[in-house]
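**Student:** My structure file input11.cif, mmCIF, C-alpha atoms, is below:
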```
data_run
loop_
_atom_site.label_atom_id
_atom_site.label_comp_id
_atom_site.auth_asym_id
_atom_site.auth_seq_id
_atom_site.Cartn_x
_atom_site.Cartn_y
_atom_site.Cartn_z
CA MET R 110 55.42 130.72 93.45
CA ARG R 111 56.17 132.15 96.88
CA LYS R 112 55.49 130.16 100.00
CA LYS R 113 52.55 131.15 102.22
CA VAL R 114 52.42 131.39 106.00
CA SER R 115 49.19 132.12 107.87
CA ILE R 116 49.24 133.35 111.47
CA ILE R 117 46.19 132.91 113.66
CA GLY R 118 46.26 135.64 116.28
CA ALA R 119 47.38 139.18 115.43
CA GLY R 120 48.52 140.09 118.93
CA PHE R 121 52.10 140.89 119.85
CA VAL R 122 53.50 137.42 119.13
CA GLY R 123 51.56 136.91 115.90
CA SER R 124 52.27 140.33 114.44
CA THR R 125 55.94 140.11 115.41
CA CYS R 126 56.14 136.72 113.66
CA ALA R 127 54.77 138.45 110.57
CA HIS R 128 57.42 141.15 110.96
CA TRP R 129 60.30 138.67 111.17
CA ILE R 130 58.95 136.63 108.23
CA ALA R 131 58.67 139.76 106.09
CA SER R 132 62.10 141.05 107.07
CA LYS R 133 63.63 137.72 106.00
CA GLU R 134 61.43 137.67 102.88
CA LEU R 135 60.45 134.07 103.60
CA ALA R 136 56.83 133.94 102.45
CA ASP R 137 53.59 135.75 101.80
CA VAL R 138 51.82 136.34 105.11
CA VAL R 139 48.17 136.21 106.17
CA LEU R 140 47.25 137.56 109.62
CA ILE R 141 43.94 136.24 110.96
CA ASP R 142 42.22 137.43 114.11
CA ILE R 143 38.67 137.63 115.46
CA PHE R 144 39.37 141.37 115.58
CA GLY R 145 39.60 141.62 111.82
CA GLY R 146 40.36 145.33 111.74
CA VAL R 147 43.41 144.84 113.95
CA ALA R 148 44.75 142.07 111.72
CA LYS R 149 44.04 144.04 108.56
CA GLY R 150 45.58 147.23 109.96
CA LYS R 151 48.77 145.54 111.14
CA ALA R 152 49.13 143.71 107.82
CA LEU R 153 48.71 146.97 105.89
CA ASP R 154 51.22 148.75 108.10
CA LEU R 155 53.76 145.96 107.59
CA LEU R 156 53.10 145.91 103.85
CA GLN R 157 53.87 149.63 103.66
CA ALA R 158 57.28 149.00 105.25
CA GLY R 159 58.24 146.91 102.22
CA PRO R 160 59.58 149.76 100.09
CA VAL R 161 61.81 150.88 102.97
CA GLU R 162 63.06 147.42 103.98
CA GLY R 163 63.17 146.06 100.44
CA TYR R 164 60.87 143.06 100.62
CA ASP R 165 58.32 142.12 97.96
CA LEU R 166 55.62 140.09 99.68
CA ASP R 167 51.87 139.91 99.83
CA ILE R 168 50.82 140.69 103.41
CA THR R 169 47.10 140.65 104.19
CA GLY R 170 44.92 140.45 107.26
CA GLY R 171 41.35 140.07 108.43
CA ASP R 172 38.93 137.75 110.22
CA ASP R 173 38.21 135.36 107.34
CA PHE R 174 39.81 131.99 108.05
CA ALA R 175 39.32 131.01 104.40
CA ALA R 176 42.23 133.33 103.62
CA MET R 177 44.64 130.67 104.96
CA GLU R 178 43.79 128.35 102.06
CA GLY R 179 46.94 126.98 100.44
CA SER R 180 49.18 127.80 103.39
CA ASP R 181 52.44 125.89 103.70
CA ILE R 182 52.62 126.69 107.41
CA VAL R 183 50.02 127.88 109.91
CA ILE R 184 51.25 129.45 113.15
CA LEU R 185 48.78 129.30 116.01
CA THR R 186 49.38 132.07 118.55
CA SER R 187 45.80 132.87 119.49
CA GLY R 188 44.99 132.56 123.17
CA ALA R 189 45.02 134.33 126.49
CA PRO R 190 48.44 135.54 127.68
CA ARG R 191 49.84 134.88 131.12
CA LYS R 192 49.40 137.43 133.87
CA PRO R 193 51.76 137.94 136.81
CA GLY R 194 51.56 134.98 139.18
CA MET R 195 50.03 132.65 136.57
CA THR R 196 51.74 129.51 135.35
CA ARG R 197 51.34 128.30 131.79
CA GLU R 198 49.25 125.44 133.19
CA ASP R 199 46.75 127.97 134.59
CA LEU R 200 45.84 128.72 130.99
CA VAL R 201 44.77 125.16 130.10
CA ALA R 202 41.01 125.57 130.37
CA VAL R 203 41.04 129.07 128.88
CA ASN R 204 43.08 128.24 125.80
CA ALA R 205 41.91 124.69 125.03
CA ASP R 206 38.61 125.75 123.46
CA ILE R 207 40.33 128.51 121.48
CA THR R 208 42.92 126.06 120.20
CA ALA R 209 40.40 123.37 119.26
CA SER R 210 38.21 125.85 117.40
CA ASN R 211 41.15 127.25 115.45
CA VAL R 212 42.49 123.81 114.59
CA GLU R 213 39.09 122.89 113.12
CA LYS R 214 39.48 125.91 110.83
CA ILE R 215 42.98 124.79 109.86
CA LYS R 216 41.60 121.34 108.98
CA GLN R 217 38.99 122.97 106.79
CA TYR R 218 41.08 125.52 104.93
CA ALA R 219 44.72 124.38 105.16
CA PRO R 220 44.62 120.57 105.48
CA ASN R 221 48.08 120.10 103.99
CA SER R 222 49.86 122.66 106.14
CA ILE R 223 52.45 122.20 108.86
CA VAL R 224 51.09 123.64 112.11
CA LEU R 225 53.31 125.41 114.63
CA ILE R 226 51.80 125.76 118.11
CA VAL R 227 52.93 128.77 120.12
CA ASN R 228 50.10 129.42 122.60
CA ASN R 229 50.37 128.16 126.18
CA PRO R 230 50.59 125.76 127.85
CA MET R 231 52.36 124.88 124.64
CA ASP R 232 53.01 121.14 124.98
CA THR R 233 49.42 120.56 126.10
CA MET R 234 47.99 122.70 123.29
CA ALA R 235 50.20 120.89 120.76
CA THR R 236 48.92 117.53 122.02
CA LEU R 237 45.35 118.82 121.71
CA ALA R 238 45.99 120.27 118.24
CA TRP R 239 47.38 116.95 117.00
CA LYS R 240 44.40 115.08 118.41
CA VAL R 241 41.80 117.47 116.97
CA SER R 242 43.48 117.87 113.59
CA GLY R 243 44.14 114.23 112.85
CA PHE R 244 47.29 115.38 111.06
CA PRO R 245 50.34 113.09 110.95
CA LYS R 246 52.67 113.73 113.86
CA ASN R 247 55.40 115.28 111.72
CA ARG R 248 53.07 118.14 110.75
CA VAL R 249 52.15 119.38 114.24
CA ILE R 250 55.06 120.99 116.08
CA GLY R 251 55.27 122.91 119.33
CA GLN R 252 57.57 125.90 119.67
CA GLY R 253 59.14 126.15 123.07
CA GLY R 254 62.53 124.56 123.10
CA VAL R 255 63.96 127.00 120.57
CA LEU R 256 62.85 129.89 122.78
CA ASP R 257 64.05 128.27 126.00
CA THR R 258 67.41 127.52 124.40
CA ALA R 259 67.70 131.11 123.20
CA ARG R 260 67.18 132.36 126.75
CA TYR R 261 69.72 129.87 128.08
CA ARG R 262 72.29 130.90 125.43
CA THR R 263 71.68 134.59 126.14
CA PHE R 264 72.43 134.26 129.84
CA LEU R 265 75.48 132.08 129.20
CA ALA R 266 76.93 134.57 126.72
CA LYS R 267 76.36 137.46 129.12
CA GLU R 268 78.14 135.59 131.92
CA ILE R 269 81.08 134.56 129.76
CA GLY R 270 81.29 137.84 127.85
CA CYS R 271 81.32 136.15 124.45
CA SER R 272 79.14 136.26 121.34
CA VAL R 273 75.81 134.47 121.55
CA GLU R 274 76.70 132.93 118.19
CA ASP R 275 79.43 130.87 119.84
CA ILE R 276 77.08 129.24 122.36
CA GLN R 277 75.71 125.86 121.33
CA ALA R 278 73.14 124.43 123.72
CA MET R 279 70.36 121.89 123.95
CA LEU R 280 67.54 121.21 126.38
CA LEU R 281 64.68 118.80 126.83
CA GLY R 282 61.27 118.82 128.43
CA GLY R 283 58.03 120.70 128.63
CA HIS R 284 58.04 124.41 127.89
CA GLY R 285 57.98 125.77 131.41
CA ASP R 286 59.65 125.73 134.77
CA GLU R 287 60.36 121.99 134.54
CA MET R 288 62.37 122.10 131.32
CA VAL R 289 65.71 120.29 131.48
CA PRO R 290 68.79 122.19 130.23
CA LEU R 291 71.67 119.87 129.37
CA PRO R 292 75.00 121.38 130.48
CA SER R 293 76.74 118.23 129.22
CA TYR R 294 75.64 119.21 125.70
CA THR R 295 76.46 122.90 126.09
CA THR R 296 79.61 124.25 124.47
CA VAL R 297 81.27 127.56 123.66
CA ALA R 298 82.90 127.32 120.23
CA GLY R 299 83.20 123.59 120.88
CA ILE R 300 84.68 124.02 124.37
CA PRO R 301 82.64 122.59 127.28
CA VAL R 302 80.76 125.36 129.09
CA THR R 303 82.17 124.17 132.42
CA HIS R 304 85.56 125.49 131.28
CA PHE R 305 84.12 129.01 131.50
CA ILE R 306 81.48 128.88 134.23
CA PRO R 307 81.70 127.16 137.64
CA GLU R 308 78.96 124.75 138.59
CA ASP R 309 77.18 127.07 141.05
CA LYS R 310 76.99 129.89 138.49
CA LEU R 311 75.82 127.47 135.81
CA SER R 312 73.05 126.20 138.08
CA ALA R 313 71.86 129.77 138.67
CA ILE R 314 71.80 130.42 134.91
CA VAL R 315 69.81 127.23 134.36
CA GLU R 316 67.24 128.35 136.93
CA ARG R 317 66.93 131.77 135.35
CA ALA R 318 66.45 130.24 131.90
CA LYS R 319 63.69 128.00 133.27
CA LYS R 320 61.81 131.03 134.57
CA GLY R 321 62.69 133.32 131.66
CA GLY R 322 59.10 133.84 130.58
CA ALA R 323 57.82 134.50 134.10
CA GLU R 324 60.56 137.07 134.64
CA ILE R 325 59.38 139.06 131.62
CA VAL R 326 55.69 138.71 132.59
CA ALA R 327 56.49 140.17 136.02
CA LEU R 328 58.43 143.07 134.51
CA LEU R 329 55.81 143.94 131.91
CA GLU R 330 52.92 143.58 134.41
CA LYS R 331 50.51 143.55 131.46
CA GLY R 332 51.28 140.99 128.79
CA SER R 333 54.09 138.55 128.14
CA ALA R 334 57.19 138.13 125.98
CA TYR R 335 56.86 138.42 122.22
CA TYR R 336 60.12 139.43 120.50
CA ALA R 337 62.04 136.27 121.40
CA PRO R 338 59.04 133.90 121.09
CA ALA R 339 58.34 135.27 117.60
CA ALA R 340 61.99 135.08 116.56
CA ALA R 341 62.19 131.48 117.77
CA THR R 342 59.05 130.59 115.83
CA VAL R 343 60.36 132.14 112.64
CA GLU R 344 63.65 130.24 113.00
CA MET R 345 61.50 127.10 112.76
CA VAL R 346 59.55 128.54 109.81
CA GLU R 347 62.78 129.24 107.94
CA ALA R 348 64.12 125.73 108.63
CA ILE R 349 60.94 124.21 107.17
CA LEU R 350 60.46 126.49 104.16
CA LYS R 351 64.12 126.25 103.15
CA ASP R 352 64.37 122.54 103.99
CA LYS R 353 67.45 123.33 106.06
CA LYS R 354 67.45 120.13 108.15
CA ARG R 355 68.16 122.18 111.28
CA ILE R 356 68.70 120.36 114.57
CA LEU R 357 66.44 122.27 116.95
CA PRO R 358 64.68 121.47 120.23
CA CYS R 359 60.98 121.26 119.38
CA SER R 360 57.90 119.80 121.01
CA CYS R 361 56.67 116.77 119.11
CA LEU R 362 54.65 113.62 119.74
CA LEU R 363 56.77 111.02 121.48
CA GLU R 364 56.09 107.32 121.25
CA GLY R 365 58.58 105.92 123.71
CA GLU R 366 61.54 108.18 123.03
CA TYR R 367 63.16 109.36 126.27
CA GLY R 368 60.64 107.19 128.10
CA VAL R 369 57.71 109.44 127.15
CA SER R 370 54.61 108.34 125.21
CA GLY R 371 51.37 109.90 124.04
CA THR R 372 52.12 113.58 124.63
CA PHE R 373 54.11 116.32 122.99
CA PHE R 374 57.44 116.95 124.66
CA GLY R 375 60.50 119.00 123.82
CA VAL R 376 63.39 117.01 122.34
CA PRO R 377 66.13 117.53 119.74
CA THR R 378 64.62 117.19 116.27
CA MET R 379 65.60 117.62 112.64
CA LEU R 380 63.37 120.23 110.99
CA GLY R 381 62.92 120.28 107.23
CA ALA R 382 60.36 120.48 104.46
CA ASN R 383 58.31 117.65 105.97
CA GLY R 384 58.24 119.23 109.41
CA ILE R 385 59.68 116.89 112.04
CA GLU R 386 61.95 114.66 109.96
CA LYS R 387 63.77 112.93 112.78
CA ILE R 388 63.74 112.72 116.57
CA ILE R 389 67.24 112.56 117.98
CA GLU R 390 67.87 110.61 121.18
CA VAL R 391 71.00 111.35 123.17
CA PRO R 392 72.37 109.64 126.29
CA LEU R 393 71.42 111.33 129.55
CA THR R 394 72.85 111.32 133.04
CA ASP R 395 70.72 109.92 135.86
CA GLU R 396 70.01 113.48 137.02
CA GLU R 397 68.90 114.50 133.53
CA LYS R 398 66.68 111.40 133.24
CA ALA R 399 65.02 112.30 136.54
CA GLY R 400 64.43 115.83 135.28
CA VAL R 401 62.87 114.53 132.07
CA ALA R 402 60.55 112.21 134.02
CA LYS R 403 59.43 115.06 136.27
CA SER R 404 58.81 117.39 133.32
CA ALA R 405 56.92 114.69 131.39
CA ALA R 406 54.67 114.04 134.40
CA LEU R 407 53.76 117.73 134.51
CA VAL R 408 52.85 117.77 130.81
CA ARG R 409 50.81 114.61 131.25
CA SER R 410 48.91 116.06 134.22
CA SER R 411 48.14 119.17 132.19
CA CYS R 412 46.79 117.03 129.35
CA ASP R 413 44.73 115.00 131.85
CA VAL R 414 42.67 118.13 132.51
CA LEU R 415 41.39 117.90 128.92
CA GLN R 416 40.85 114.15 128.79
CA GLU R 417 37.14 114.11 129.60
CA LYS R 418 36.20 116.75 127.03
CA TYR R 419 38.66 116.01 124.24
CA ASN R 420 39.62 112.37 124.84
CA ILE R 421 43.27 113.20 124.16
CA PHE R 422 44.50 109.75 125.14
CA GLY R 423 41.64 107.82 123.51
#
```
Would you encode the structure as structure tokens?
**Tutor:**
Amino acid sequence: MRKKVSIIGAGFVGSTCAHWIASKELADVVLIDIFGGVAKGKALDLLQAGPVEGYDLDITGGDDFAAMEGSDIVILTSGAPRKPGMTREDLVAVNADITASNVEKIKQYAPNSIVLIVNNPMDTMATLAWKVSGFPKNRVIGQGGVLDTARYRTFLAKEIGCSVEDIQAMLLGGHGDEMVPLPSYTTVAGIPVTHFIPEDKLSAIVERAKKGGAEIVALLEKGSAYYAPAAATVEMVEAILKDKKRILPCSCLLEGEYGVSGTFFGVPTMLGANGIEKIIEVPLTDEEKAGVAKSAALVRSSCDVLQEKYNIFG
């Protein structure tokens, strides 16, 4: 029996997730969108690529949420994208109702699934999704750190002139401008990154990685990134479906780890068949601790916006 992944939102991120899942032949895919024809058309188009690419999967689409029944994983991408000049936090009010409504559908039709939150502001939406769903904390996971790390690794590899495969990096924090890259845990084939890049250059790369999404939004003018966000999401999907026990930076509910409680926050985790299988705490410098505190305060303030309506902290 093949695994099943449902994707709510058939826009650029959702449909590209479906593409990566199919190309890796990871699972049957269901695309769900309020614009059912769009979801059905993209699913049919992707299905017809199977004979060329050599994958045998069932790929369907439509507007019927009941189609997600039996899903192992549900990816939630549905929501308004950022526009130039907008922060992820500007999307709180817009995307909260969309997220809550979709999570109610997940509860109804896929109560045993692992839910991956991709829509923004991601840490806030993940906190809301956990609260609304009532799912155990290991089965609600925010995607952000994997994407942020990919951007960080990309810029480091370009600067050094080496393969991206040789860059190992980790970061903490909310998915946004206040994320906290950890140069002390960044290596190139096991060699500290500071051997290759001076401190001023490294600081500039860190800043660019923090604003990686905004840079793409400004360039596109209409829309936001989708290739890398989808690839990062599917890396998490693969780790879960194959029980790979990958160590990846994901947003999960913290209960005192790194001094953060009650909200979702990006930290190193072990991802496997049960979702979040372990949260990994590493020693931080005083500067890194200060960065984590600042980032956590921003996530908390974003969640505070939803407190009255959704009682997130109740």
**Student:** Which of these residues is nearest to Asp142 of chain R, using all atoms listed in the file: R:Asp172, R:Glu308, R:Asp154, R:Asp199?
**Tutor:**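 Answer, going by the shortest atom-to-atom distance: R:Asp172.
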**Student:** Taking the file as shown, what set of residues would the PyMOL selection byres ((chain R and resi 290) around 7) give back, as a ChimeraX atom specification?
**Tutor:** /R:279-281,288-289,291-292,315
**Student:** In terms of the shortest atom-to-atom distance over all atoms listed in the file, which of R:Gly146, R:His128, R:Gly120, R:Val138 is closest to Glu162 of chain R?
**Tutor:**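 Nearest candidate to Glu162 of chain R out of R:Gly146, R:His128, R:Gly120, R:Val138: R:His128.
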**Student:** Please expand the PyMOL selection byres ((chain R and resi 404) around 7) into the concrete residues it hits in this file, giving the result as a list in words.
**Tutor:** Gly282, Gly283, Glu287, Met288, Gly400, Val401, Ala402, Lys403, Ala405, Ala406, Leu407 and Val408 of chain R
**Student:** Closest to Ser124 of chain R among R:Phe264, R:Pro338, R:Ala176, R:Val255, using all atoms listed in the file?
**Tutor:** R:Pro338
**Student:** Provide the atom CA of Glu396 of chain R to atom CA of Gln252 of chain R distance in Å, to one decimal place.
**Tutor:**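 Rounded to one decimal, the two atoms are 24.7 Å apart.
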**Student:** Using the chain letters and numbers from the file, which residues does the PyMOL selection byres ((chain R and resi 203-212) around 10) grab, as an MDAnalysis selection string?
**Tutor:** chainID R and resid 117:118 174 183 185:190 198:202 213:220 224 226 228:231 233:235 237:243 414:415 418:419
**Student:** Show me, as a PyMOL selection string, the residues that have an atom within 12 Å of Asp167 of chain R when counting all atoms listed in the file, minus same-chain residues fewer than 6 positions from it.
**Tutor:** chain R and resi 110-115+127+130-131+134-140+152-153+155-159
**Student:** Could you give me segment 153-181 of chain R completed to N, CA and C atoms, formatted as a PDB file, in the coordinates of the input?
**Tutor:**
```
ATOM      1  N   LEU R 153      48.514 145.826 106.792  1.00  0.00           N
ATOM      2  CA  LEU R 153      48.710 146.970 105.890  1.00  0.00           C
ATOM      3  C   LEU R 153      49.915 147.800 106.303  1.00  0.00           C
ATOM      4  N   ASP R 154      50.074 148.003 107.584  1.00  0.00           N
ATOM      5  CA  ASP R 154      51.220 148.750 108.100  1.00  0.00           C
ATOM      6  C   ASP R 154      52.525 148.053 107.729  1.00  0.00           C
ATOM      7  N   LEU R 155      52.566 146.734 107.916  1.00  0.00           N
ATOM      8  CA  LEU R 155      53.760 145.960 107.590  1.00  0.00           C
ATOM      9  C   LEU R 155      54.024 145.954 106.091  1.00  0.00           C
ATOM     10  N   LEU R 156      52.964 145.869 105.307  1.00  0.00           N
ATOM     11  CA  LEU R 156      53.100 145.910 103.850  1.00  0.00           C
ATOM     12  C   LEU R 156      53.748 147.213 103.395  1.00  0.00           C
ATOM     13  N   GLN R 157      53.358 148.319 104.044  1.00  0.00           N
ATOM     14  CA  GLN R 157      53.870 149.630 103.660  1.00  0.00           C
ATOM     15  C   GLN R 157      55.324 149.840 104.069  1.00  0.00           C
ATOM     16  N   ALA R 158      55.860 148.937 104.914  1.00  0.00           N
ATOM     17  CA  ALA R 158      57.280 149.000 105.250  1.00  0.00           C
ATOM     18  C   ALA R 158      58.140 148.347 104.170  1.00  0.00           C
ATOM     19  N   GLY R 159      57.516 147.618 103.262  1.00  0.00           N
ATOM     20  CA  GLY R 159      58.240 146.910 102.220  1.00  0.00           C
ATOM     21  C   GLY R 159      59.165 147.777 101.374  1.00  0.00           C
ATOM     22  N   PRO R 160      58.701 148.924 100.887  1.00  0.00           N
ATOM     23  CA  PRO R 160      59.580 149.760 100.090  1.00  0.00           C
ATOM     24  C   PRO R 160      60.820 150.251 100.850  1.00  0.00           C
ATOM     25  N   VAL R 161      60.675 150.425 102.157  1.00  0.00           N
ATOM     26  CA  VAL R 161      61.810 150.880 102.970  1.00  0.00           C
ATOM     27  C   VAL R 161      62.778 149.723 103.234  1.00  0.00           C
ATOM     28  N   GLU R 162      62.226 148.573 103.614  1.00  0.00           N
ATOM     29  CA  GLU R 162      63.060 147.420 103.980  1.00  0.00           C
ATOM     30  C   GLU R 162      63.450 146.560 102.777  1.00  0.00           C
ATOM     31  N   GLY R 163      62.775 146.760 101.654  1.00  0.00           N
ATOM     32  CA  GLY R 163      63.170 146.060 100.440  1.00  0.00           C
ATOM     33  C   GLY R 163      62.644 144.648 100.310  1.00  0.00           C
ATOM     34  N   TYR R 164      61.448 144.389 100.837  1.00  0.00           N
ATOM     35  CA  TYR R 164      60.870 143.060 100.620  1.00  0.00           C
ATOM     36  C   TYR R 164      59.626 143.181  99.740  1.00  0.00           C
ATOM     37  N   ASP R 165      59.465 142.206  98.860  1.00  0.00           N
ATOM     38  CA  ASP R 165      58.320 142.120  97.960  1.00  0.00           C
ATOM     39  C   ASP R 165      57.477 140.928  98.355  1.00  0.00           C
ATOM     40  N   LEU R 166      56.489 141.156  99.180  1.00  0.00           N
ATOM     41  CA  LEU R 166      55.620 140.090  99.680  1.00  0.00           C
ATOM     42  C   LEU R 166      54.180 140.561  99.658  1.00  0.00           C
ATOM     43  N   ASP R 167      53.275 139.604  99.648  1.00  0.00           N
ATOM     44  CA  ASP R 167      51.870 139.910  99.830  1.00  0.00           C
ATOM     45  C   ASP R 167      51.543 139.715 101.300  1.00  0.00           C
ATOM     46  N   ILE R 168      51.130 140.761 101.977  1.00  0.00           N
ATOM     47  CA  ILE R 168      50.820 140.690 103.410  1.00  0.00           C
ATOM     48  C   ILE R 168      49.398 141.198 103.584  1.00  0.00           C
ATOM     49  N   THR R 169      48.517 140.300 104.039  1.00  0.00           N
ATOM     50  CA  THR R 169      47.100 140.650 104.190  1.00  0.00           C
ATOM     51  C   THR R 169      46.627 140.246 105.585  1.00  0.00           C
ATOM     52  N   GLY R 170      45.465 140.768 105.949  1.00  0.00           N
ATOM     53  CA  GLY R 170      44.920 140.450 107.260  1.00  0.00           C
ATOM     54  C   GLY R 170      43.413 140.588 107.277  1.00  0.00           C
ATOM     55  N   GLY R 171      42.788 139.981 108.292  1.00  0.00           N
ATOM     56  CA  GLY R 171      41.350 140.070 108.430  1.00  0.00           C
ATOM     57  C   GLY R 171      40.841 138.987 109.370  1.00  0.00           C
ATOM     58  N   ASP R 172      39.529 138.761 109.342  1.00  0.00           N
ATOM     59  CA  ASP R 172      38.930 137.750 110.220  1.00  0.00           C
ATOM     60  C   ASP R 172      38.384 136.551 109.468  1.00  0.00           C
ATOM     61  N   ASP R 173      38.705 136.454 108.176  1.00  0.00           N
ATOM     62  CA  ASP R 173      38.210 135.360 107.340  1.00  0.00           C
ATOM     63  C   ASP R 173      39.233 134.226 107.316  1.00  0.00           C
ATOM     64  N   PHE R 174      38.888 133.119 107.979  1.00  0.00           N
ATOM     65  CA  PHE R 174      39.810 131.990 108.050  1.00  0.00           C
ATOM     66  C   PHE R 174      40.042 131.344 106.690  1.00  0.00           C
ATOM     67  N   ALA R 175      39.132 131.559 105.744  1.00  0.00           N
ATOM     68  CA  ALA R 175      39.320 131.010 104.400  1.00  0.00           C
ATOM     69  C   ALA R 175      40.565 131.570 103.730  1.00  0.00           C
ATOM     70  N   ALA R 176      41.049 132.707 104.217  1.00  0.00           N
ATOM     71  CA  ALA R 176      42.230 133.330 103.620  1.00  0.00           C
ATOM     72  C   ALA R 176      43.488 132.483 103.811  1.00  0.00           C
ATOM     73  N   MET R 177      43.462 131.515 104.741  1.00  0.00           N
ATOM     74  CA  MET R 177      44.640 130.670 104.960  1.00  0.00           C
ATOM     75  C   MET R 177      44.740 129.536 103.943  1.00  0.00           C
ATOM     76  N   GLU R 178      43.782 129.436 103.043  1.00  0.00           N
ATOM     77  CA  GLU R 178      43.790 128.350 102.060  1.00  0.00           C
ATOM     78  C   GLU R 178      45.121 128.324 101.300  1.00  0.00           C
ATOM     79  N   GLY R 179      45.684 127.134 101.166  1.00  0.00           N
ATOM     80  CA  GLY R 179      46.940 126.980 100.440  1.00  0.00           C
ATOM     81  C   GLY R 179      48.184 127.282 101.260  1.00  0.00           C
ATOM     82  N   SER R 180      48.026 127.480 102.544  1.00  0.00           N
ATOM     83  CA  SER R 180      49.180 127.800 103.390  1.00  0.00           C
ATOM     84  C   SER R 180      50.131 126.613 103.496  1.00  0.00           C
ATOM     85  N   ASP R 181      51.423 126.910 103.448  1.00  0.00           N
ATOM     86  CA  ASP R 181      52.440 125.890 103.700  1.00  0.00           C
ATOM     87  C   ASP R 181      52.595 125.665 105.206  1.00  0.00           C
TER      88      ASP R 181
END
```
